[in-house]
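J.: Provided herewith is a single structure, encoded as structure tokens, for subsequent inquiry.
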Amino acid sequence: MKLMIVDDSNIIRRRIERSQQIDRLEVVGAASNGREAVELFRRTNPDVVTMDLTMPEMDGIECVQELVALNPNVLILVVSALADKATAVEAIEKGANGFLCKPFSDRQLNEALEELLSASEA
Amino acid sequence: MLKEEEIRTFIEGATNYFETSAQQAASVGSPYLVTDGKPGAFEYTGVIGISGARKGIVYFTAPRGMLTVLLMRMQETDSSDENIKDLVGEVANTISGNARRDFGKNFVISVPTVIAHDPDKVSAPHARSYVIPINWRTHSAKLVVCLE
């Protein structure tokens with residue numbers, strides 16, 4: 001399965017790429033804002049996306065909506081520092097499938113990705 | 001003005017960041033109030049603008065040495081100036097975003113602005129700021145909260 005990483009922080013993009021240890025996931029690209037992510041999504045058609053929320057150009061919530069409109073089956077894990085419940089609920093309502101709060105450990109990232117994939121297979 | 005429990009929110013955000021990202025706890029000194037509009041800064045500062053129900057800024061400021069070691073603890077081998085700036089902005093963003101757990105959705109945070117190599121350029125929008133000293137390994141940093 002193809003994984004796309006969206007975050008305005010280069011360190012976080014690299015960290016997710018390095019830390020994710022799910023055998024069936026292959027990183028196909030990374031974007032630093034929502035607009036870039038939509039373009040990359042059209043080109044690479046990933047199955048799974050990790051999505052930051054606070055980004056320049058186009059924020060994560062808007063980007064989630066755009067990606068779901070392009071492919072309703074895409075699996076989106078929001079990875080954000082915004083820790084309030086209302087934001088997590090909004091992201092899920094707009095089409096995200098999971099929410100991981102920053103900061104995160106490698107174990108938490110992999111568990112969240114596994115959970116996302118397991119839920120989609122159930 | 002910040003209430004005591006609001007300061008605690010930022011202290012918890014700072015300690016949680018180091019515990020989770022670096023797997024190494026930081027200690028926090030006693031927070032203190034600065035009233036001259038000059039809370040001070042180190043070589044790198046990540047500034048988050050706050051709008052919505054509260055207005056002001058939150059910034060995290062640290063010396064290069066601390067940020068370089070923090071990058072290494074995160075298994076990041078590239079300690080270029082760009083990555084150091086990215087990290088200081090990300091720390092500020094994470095601690096501020098986590099504060100919404102207590103402050104709620106109307107605590108609106110901006111994307112980070114980074115000020116590097118010119119600590120005198122870092123200023124607070126109001127005279128009164130709370131400074132939370134952070135000690136990690138042999139390094140010192142500060143989290144500054146300046147809200148109306």
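Letters for chains follow the order of the structure tokens (A, B, ...), residue numbers begin at 1 for each chain, and ligand numbers begin at 1 in the order shown.
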Mind running chain B against chain A at 6 Å and telling me each contacting residue's nearest atom pair with the distance in Å (one decimal), counting only C-alpha atoms, chain and number ascending, as JSON lines?
T.:
{"residue": "B:Tyr17", "atom": "CA", "partner": "A:Pro103", "partner_atom": "CA", "distance": 5.9}
{"residue": "B:Thr20", "atom": "CA", "partner": "A:Ser105", "partner_atom": "CA", "distance": 5.7}
{"residue": "B:Thr94", "atom": "CA", "partner": "A:Ala81", "partner_atom": "CA", "distance": 4.8}
{"residue": "B:Gly97", "atom": "CA", "partner": "A:Leu82", "partner_atom": "CA", "distance": 4.3}
{"residue": "B:Asn98", "atom": "CA", "partner": "A:Ala83", "partner_atom": "CA", "distance": 4.8}
{"residue": "B:Arg100", "atom": "CA", "partner": "A:Asp84", "partner_atom": "CA", "distance": 5.1}
{"residue": "B:Arg101", "atom": "CA", "partner": "A:Asp84", "partner_atom": "CA", "distance": 4.2}
{"residue": "B:Gly104", "atom": "CA", "partner": "A:Asp84", "partner_atom": "CA", "distance": 5.8}
J.: Could you write out that same residue set with N, CA and C atoms as a PDB file, in the first residue's frame?
T.:
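Below you can see out00.pdb, which holds the result:
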ATOM      1  N   TYR B  17       6.553  17.084  25.801  1.00  0.00           N
ATOM      2  CA  TYR B  17       7.281  17.116  24.529  1.00  0.00           C
ATOM      3  C   TYR B  17       8.616  16.366  24.662  1.00  0.00           C
ATOM      4  N   THR B  20       8.259  12.505  25.361  1.00  0.00           N
ATOM      5  CA  THR B  20       7.772  11.696  24.244  1.00  0.00           C
ATOM      6  C   THR B  20       8.717  11.752  23.052  1.00  0.00           C
ATOM      7  N   THR B  94       3.861  22.473  18.799  1.00  0.00           N
ATOM      8  CA  THR B  94       3.322  21.306  19.511  1.00  0.00           C
ATOM      9  C   THR B  94       2.826  21.696  20.905  1.00  0.00           C
ATOM     10  N   GLY B  97      -0.296  23.878  20.470  1.00  0.00           N
ATOM     11  CA  GLY B  97      -1.437  23.077  20.004  1.00  0.00           C
ATOM     12  C   GLY B  97      -1.978  22.181  21.107  1.00  0.00           C
ATOM     13  N   ASN B  98      -1.062  21.606  21.892  1.00  0.00           N
ATOM     14  CA  ASN B  98      -1.488  20.744  22.999  1.00  0.00           C
ATOM     15  C   ASN B  98      -2.291  21.530  24.046  1.00  0.00           C
ATOM     16  N   ARG B 100      -4.602  23.408  23.613  1.00  0.00           N
ATOM     17  CA  ARG B 100      -6.038  23.424  23.276  1.00  0.00           C
ATOM     18  C   ARG B 100      -6.816  22.332  24.009  1.00  0.00           C
ATOM     19  N   ARG B 101      -6.083  21.337  24.530  1.00  0.00           N
ATOM     20  CA  ARG B 101      -6.769  20.300  25.319  1.00  0.00           C
ATOM     21  C   ARG B 101      -7.500  20.977  26.482  1.00  0.00           C
ATOM     22  N   GLY B 104      -9.342  24.815  24.698  1.00  0.00           N
ATOM     23  CA  GLY B 104     -10.428  24.619  23.739  1.00  0.00           C
ATOM     24  C   GLY B 104     -10.092  25.096  22.343  1.00  0.00           C
TER      25      GLY B 104
END
J.: Excluding Glu19 in chain B and residues on its chain fewer than 3 positions from it, collect all residues at most 12 Å away from it, counting only C-alpha atoms, and give them as a list in words.
T.: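 The contact residues come out as Lys102, Pro103, Phe104 and Ser105 of chain A; Glu12, Gly13, Ala14, Thr15, Asn16, Ala22, Gln23, Gln24, Ala25, Ala26, Ser27, Leu70, Arg73, Met74 and Trp136 of chain B.
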J.: Kindly save the residues from that selection, with C-alpha atoms included, as a compact mmCIF listing (two decimals), in the first residue's frame.
T.:
# COMPACT_ATOMS: atom_id res chain seq x y z
CA LYS A 102 1.84 15.18 18.57
CA PRO A 103 4.26 14.66 20.13
CA PHE A 104 4.29 10.95 19.35
CA SER A 105 6.67 8.08 19.93
CA GLU B 12 2.79 19.87 31.09
CA GLY B 13 3.05 20.54 27.36
CA ALA B 14 6.76 21.24 27.64
CA THR B 15 7.58 18.22 29.80
CA ASN B 16 5.44 15.94 27.65
CA ALA B 22 13.35 12.63 23.13
CA GLN B 23 12.43 9.87 25.59
CA GLN B 24 14.27 11.87 28.20
CA ALA B 25 12.53 14.02 30.81
CA ALA B 26 13.14 17.74 31.14
CA SER B 27 12.85 19.57 34.44
CA LEU B 70 17.20 16.98 20.62
CA ARG B 73 17.53 11.97 20.13
CA MET B 74 14.86 11.99 17.43
CA TRP B 136 17.18 19.35 29.72
J.: Find the spatial neighbours of Glu39 in chain A, counting only C-alpha atoms, within a cut-off of 10 Å - ignore same-chain residues fewer than 6 positions away - and output them as a list in words.
T.: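 Once the nearby chain positions are removed, what remains is Ala31, Asn45 and Leu67 of chain A.
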J.: Write out the residues from the selection above, keeping C-alpha atoms, as a PDB file, in the first residue's frame.
T.:
ATOM      1  CA  ALA A  31       4.064  17.336   0.925  1.00  0.00           C
ATOM      2  CA  ASN A  45      -2.855   8.006  -5.699  1.00  0.00           C
ATOM      3  CA  LEU A  67      -8.565  14.091  -0.762  1.00  0.00           C
TER       4      LEU A  67
END
J.: Between B:Ser51, B:Thr45, B:Ser123, B:Thr35, single out the one closest to Asp86 in chain B, counting only C-alpha atoms.
T.: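 Distance minimum relative to Asp86 in chain B lands on B:Thr45.
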J.: From the DSSP assignment of the backbone, select every residue of chain A that is strand (DSSP E or B), and format the answer as a list in words.
T.: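 The residues of chain A classed as strand (DSSP E or B) are Lys2, Leu3, Met4, Ile5, Val6, Glu26, Val27, Val28, Gly29, Ala30, Ala31, Val48, Val49, Thr50, Met51, Leu75, Ile76, Leu77, Val78, Val79, Ser80, Gly98, Phe99, Leu100 and Cys101 of chain A.
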J.: Could those residues be written to a file, using N, CA and C atoms, as a tab-separated table (two decimals), in the first residue's frame?
T.:
chain	number	residue	atom	x	y	z
A	2	LYS	N	0.37	2.28	-0.64
A	2	LYS	CA	1.17	3.51	-0.79
A	2	LYS	C	0.83	4.52	0.30
A	3	LEU	N	1.88	5.10	0.89
A	3	LEU	CA	1.70	6.07	1.98
A	3	LEU	C	2.21	7.45	1.53
A	4	MET	N	1.40	8.47	1.75
A	4	MET	CA	1.83	9.86	1.51
A	4	MET	C	1.85	10.59	2.86
A	5	ILE	N	2.90	11.39	3.08
A	5	ILE	CA	3.07	12.11	4.35
A	5	ILE	C	2.86	13.60	4.09
A	6	VAL	N	2.01	14.23	4.90
A	6	VAL	CA	1.75	15.66	4.74
A	6	VAL	C	2.02	16.36	6.07
A	26	GLU	N	4.49	1.59	1.80
A	26	GLU	CA	5.65	2.15	1.10
A	26	GLU	C	5.41	3.64	0.89
A	27	VAL	N	6.37	4.47	1.35
A	27	VAL	CA	6.20	5.92	1.21
A	27	VAL	C	6.38	6.32	-0.25
A	28	VAL	N	5.37	6.99	-0.80
A	28	VAL	CA	5.45	7.39	-2.21
A	28	VAL	C	5.67	8.90	-2.38
A	29	GLY	N	5.62	9.63	-1.28
A	29	GLY	CA	5.87	11.06	-1.40
A	29	GLY	C	5.50	11.81	-0.14
A	30	ALA	N	5.96	13.07	-0.08
A	30	ALA	CA	5.68	13.91	1.08
A	30	ALA	C	5.38	15.32	0.61
A	31	ALA	N	4.45	15.97	1.29
A	31	ALA	CA	4.06	17.34	0.92
A	31	ALA	C	4.11	18.23	2.16
A	48	VAL	N	-2.93	5.47	1.82
A	48	VAL	CA	-2.90	5.94	3.20
A	48	VAL	C	-2.20	7.30	3.24
A	49	VAL	N	-2.71	8.21	4.06
A	49	VAL	CA	-2.12	9.54	4.17
A	49	VAL	C	-1.98	9.90	5.65
A	50	THR	N	-0.80	10.41	6.06
A	50	THR	CA	-0.72	11.05	7.38
A	50	THR	C	-0.84	12.54	7.14
A	51	MET	N	-1.68	13.20	7.93
A	51	MET	CA	-2.05	14.59	7.63
A	51	MET	C	-1.90	15.50	8.84
A	75	LEU	N	-7.36	6.23	3.25
A	75	LEU	CA	-7.31	6.16	4.72
A	75	LEU	C	-6.44	7.31	5.21
A	76	ILE	N	-7.00	8.16	6.05
A	76	ILE	CA	-6.26	9.35	6.50
A	76	ILE	C	-6.08	9.32	8.02
A	77	LEU	N	-4.81	9.36	8.43
A	77	LEU	CA	-4.48	9.48	9.85
A	77	LEU	C	-4.03	10.91	10.09
A	78	VAL	N	-4.82	11.67	10.84
A	78	VAL	CA	-4.42	13.03	11.19
A	78	VAL	C	-3.35	12.94	12.28
A	79	VAL	N	-2.24	13.65	12.07
A	79	VAL	CA	-1.14	13.69	13.04
A	79	VAL	C	-0.93	15.16	13.38
A	80	SER	N	-1.47	15.58	14.50
A	80	SER	CA	-1.52	17.02	14.79
A	80	SER	C	-1.27	17.30	16.26
A	98	GLY	N	-8.52	8.43	11.53
A	98	GLY	CA	-7.86	8.28	12.82
A	98	GLY	C	-7.17	9.58	13.21
A	99	PHE	N	-6.78	9.68	14.49
A	99	PHE	CA	-6.16	10.91	14.98
A	99	PHE	C	-5.03	10.52	15.93
A	100	LEU	N	-3.84	11.02	15.65
A	100	LEU	CA	-2.67	10.80	16.53
A	100	LEU	C	-2.17	12.17	16.96
A	101	CYS	N	-2.07	12.37	18.27
A	101	CYS	CA	-1.66	13.68	18.78
A	101	CYS	C	-0.13	13.77	18.86
J.: Identify which of the residues B:Thr61, B:Ser30, B:Asn83, B:Asn106 lies closest to Ile7 in chain B, counting only C-alpha atoms when measuring atom-to-atom distances.
T.: B:Ser30
J.: Fewer than 5 positions away in the same chain doesn't count, so skip those; otherwise give me all residues within 12 Å of Lys142 in chain B, counting only C-alpha atoms, as a short mmCIF file (atom, residue, chain, number, x, y, z; two decimals) with N, CA and C atoms, in the first residue's frame.
T.:
data_model
loop_
_atom_site.label_atom_id
_atom_site.label_comp_id
_atom_site.auth_asym_id
_atom_site.auth_seq_id
_atom_site.Cartn_x
_atom_site.Cartn_y
_atom_site.Cartn_z
N PHE B 10 0.87 24.71 30.14
CA PHE B 10 2.08 24.89 29.32
C PHE B 10 3.26 24.10 29.90
N ILE B 11 3.33 24.03 31.22
CA ILE B 11 4.41 23.23 31.84
C ILE B 11 4.26 21.76 31.42
N ALA B 14 5.30 21.24 27.83
CA ALA B 14 6.76 21.24 27.64
C ALA B 14 7.37 19.92 28.11
N THR B 15 6.98 19.46 29.29
CA THR B 15 7.58 18.22 29.80
C THR B 15 7.16 17.03 28.95
N ALA B 26 12.58 16.41 30.86
CA ALA B 26 13.14 17.74 31.14
C ALA B 26 12.62 18.16 32.51
N SER B 27 13.38 19.01 33.19
CA SER B 27 12.85 19.57 34.44
C SER B 27 12.47 21.02 34.19
N VAL B 28 11.47 21.44 34.92
CA VAL B 28 10.97 22.80 34.72
C VAL B 28 11.22 23.60 35.99
N GLY B 29 11.82 24.77 35.84
CA GLY B 29 12.05 25.65 36.99
C GLY B 29 10.79 26.41 37.34
N SER B 30 10.85 27.19 38.40
CA SER B 30 9.67 27.96 38.81
C SER B 30 9.34 29.02 37.76
N PRO B 31 8.11 29.04 37.28
CA PRO B 31 7.73 30.08 36.32
C PRO B 31 7.80 31.45 37.00
N TYR B 32 8.16 32.46 36.23
CA TYR B 32 8.20 33.81 36.79
C TYR B 32 7.61 34.81 35.81
N PRO B 39 11.08 39.34 27.81
CA PRO B 39 11.30 38.05 28.50
C PRO B 39 12.61 37.37 28.11
N GLY B 40 13.27 37.83 27.05
CA GLY B 40 14.57 37.28 26.68
C GLY B 40 14.47 36.09 25.74
N ALA B 41 15.58 35.84 25.04
CA ALA B 41 15.58 34.74 24.06
C ALA B 41 16.99 34.20 23.90
N PHE B 42 17.03 32.95 23.39
CA PHE B 42 18.30 32.32 23.03
C PHE B 42 18.49 32.45 21.51
N GLU B 43 19.40 31.62 20.97
CA GLU B 43 19.77 31.78 19.55
C GLU B 43 18.63 31.46 18.58
N TYR B 44 17.77 30.51 18.97
CA TYR B 44 16.67 30.11 18.08
C TYR B 44 15.34 30.23 18.83
N THR B 45 14.36 30.82 18.15
CA THR B 45 13.05 31.02 18.79
C THR B 45 11.94 30.68 17.80
N GLY B 46 11.01 29.86 18.25
CA GLY B 46 9.82 29.56 17.46
C GLY B 46 8.64 30.29 18.09
N VAL B 47 7.99 31.14 17.32
CA VAL B 47 6.92 31.99 17.85
C VAL B 47 5.58 31.56 17.25
N VAL B 58 2.96 32.68 22.09
CA VAL B 58 3.68 31.69 22.89
C VAL B 58 4.97 31.44 22.14
N TYR B 59 6.11 31.52 22.83
CA TYR B 59 7.32 31.16 22.11
C TYR B 59 8.22 30.22 22.91
N PHE B 60 8.93 29.37 22.16
CA PHE B 60 9.92 28.47 22.73
C PHE B 60 11.26 28.92 22.20
N THR B 61 12.20 29.13 23.10
CA THR B 61 13.52 29.63 22.67
C THR B 61 14.61 28.78 23.30
N ALA B 62 15.61 28.46 22.50
CA ALA B 62 16.64 27.52 22.97
C ALA B 62 17.96 27.77 22.24
N PRO B 63 19.07 27.38 22.87
CA PRO B 63 20.36 27.48 22.19
C PRO B 63 20.54 26.34 21.19
N MET B 66 21.23 22.63 22.55
CA MET B 66 20.08 21.83 23.00
C MET B 66 19.31 21.26 21.81
N VAL B 88 12.72 24.15 16.23
CA VAL B 88 12.30 25.11 17.26
C VAL B 88 10.86 25.58 16.98
N VAL B 91 8.54 22.60 18.04
CA VAL B 91 8.35 22.51 19.50
C VAL B 91 7.31 23.54 19.96
N ALA B 92 7.46 24.77 19.47
CA ALA B 92 6.50 25.83 19.85
C ALA B 92 5.10 25.47 19.39
N SER B 129 4.69 38.93 30.66
CA SER B 129 4.84 37.58 30.10
C SER B 129 5.22 36.63 31.23
N TYR B 130 4.78 35.40 31.10
CA TYR B 130 5.23 34.36 32.02
C TYR B 130 6.34 33.57 31.35
N VAL B 131 7.42 33.38 32.08
CA VAL B 131 8.56 32.62 31.57
C VAL B 131 8.64 31.29 32.33
N ILE B 132 8.67 30.20 31.57
CA ILE B 132 8.81 28.87 32.17
C ILE B 132 10.20 28.34 31.80
N PRO B 133 11.12 28.31 32.76
CA PRO B 133 12.47 27.81 32.46
C PRO B 133 12.45 26.29 32.27
N ILE B 134 13.14 25.82 31.24
CA ILE B 134 13.18 24.38 30.94
C ILE B 134 14.64 23.94 30.95
N ASN B 135 14.93 22.91 31.73
CA ASN B 135 16.29 22.37 31.78
C ASN B 135 16.27 20.95 31.27
N TRP B 136 17.13 20.69 30.32
CA TRP B 136 17.18 19.35 29.72
C TRP B 136 18.64 18.99 29.47
#
J.: If DSSP is run on the backbone, what residues of range 36-122 of chain A are helix (DSSP H, G or I)? A reply as JSON, numbers by chain would be ideal.
T.: {"A": [36, 37, 38, 39, 40, 41, 42, 43, 44, 60, 61, 62, 63, 64, 65, 66, 67, 68, 69, 70, 85, 86, 87, 88, 89, 90, 91, 92, 93, 106, 107, 108, 109, 110, 111, 112, 113, 114, 115, 116, 117, 118, 119, 120, 121]}
J.: As an exercise, work out the distance from CA of Glu90 in chain A to CA of Gly89 in chain B in Å and give it to one decimal place.
T.: 24.9 Å
J.: Just the residues within 10 Å of Arg107 in chain A, please, counting only C-alpha atoms, with nothing from its chain fewer than 3 positions along; format it as an NGL selection string.
T.: :A and (19-21 or 104 or 110-113)
J.: Now that the selection is made, can you save its residues with C-alpha atoms as a short mmCIF file (atom, residue, chain, number, x, y, z; two decimals), in the first residue's frame?
T.:
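Result went into selection.cif, see below:
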data_model
loop_
_atom_site.label_atom_id
_atom_site.label_comp_id
_atom_site.auth_asym_id
_atom_site.auth_seq_id
_atom_site.Cartn_x
_atom_site.Cartn_y
_atom_site.Cartn_z
CA SER A 19 9.78 5.46 12.01
CA GLN A 20 6.94 3.76 10.25
CA GLN A 21 7.67 0.04 10.24
CA PHE A 104 4.29 10.95 19.35
CA ASN A 110 3.05 2.44 14.32
CA GLU A 111 0.13 1.46 16.55
CA ALA A 112 -2.00 4.22 15.04
CA LEU A 113 -1.14 3.14 11.50
#
J.: Expressed in Å to a single decimal, how great is the separation between CA of Glu62 in chain A and CA of Glu121 in chain A?
T.: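 Going from CA of Glu62 in chain A over to CA of Glu121 in chain A, I get 26.1 Å.
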J.: Using Å and a single decimal, report how far CA of Leu147 in chain B sits from CA of Ile50 in chain B.
T.: 7.9 Å
J.: Find, counting only C-alpha atoms, the residue in B:Met72, B:Val145, B:Ile57, B:Leu33 that gets nearest to Ser21 in chain B.
T.: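 So, comparing all the options, the nearest one is B:Met72.
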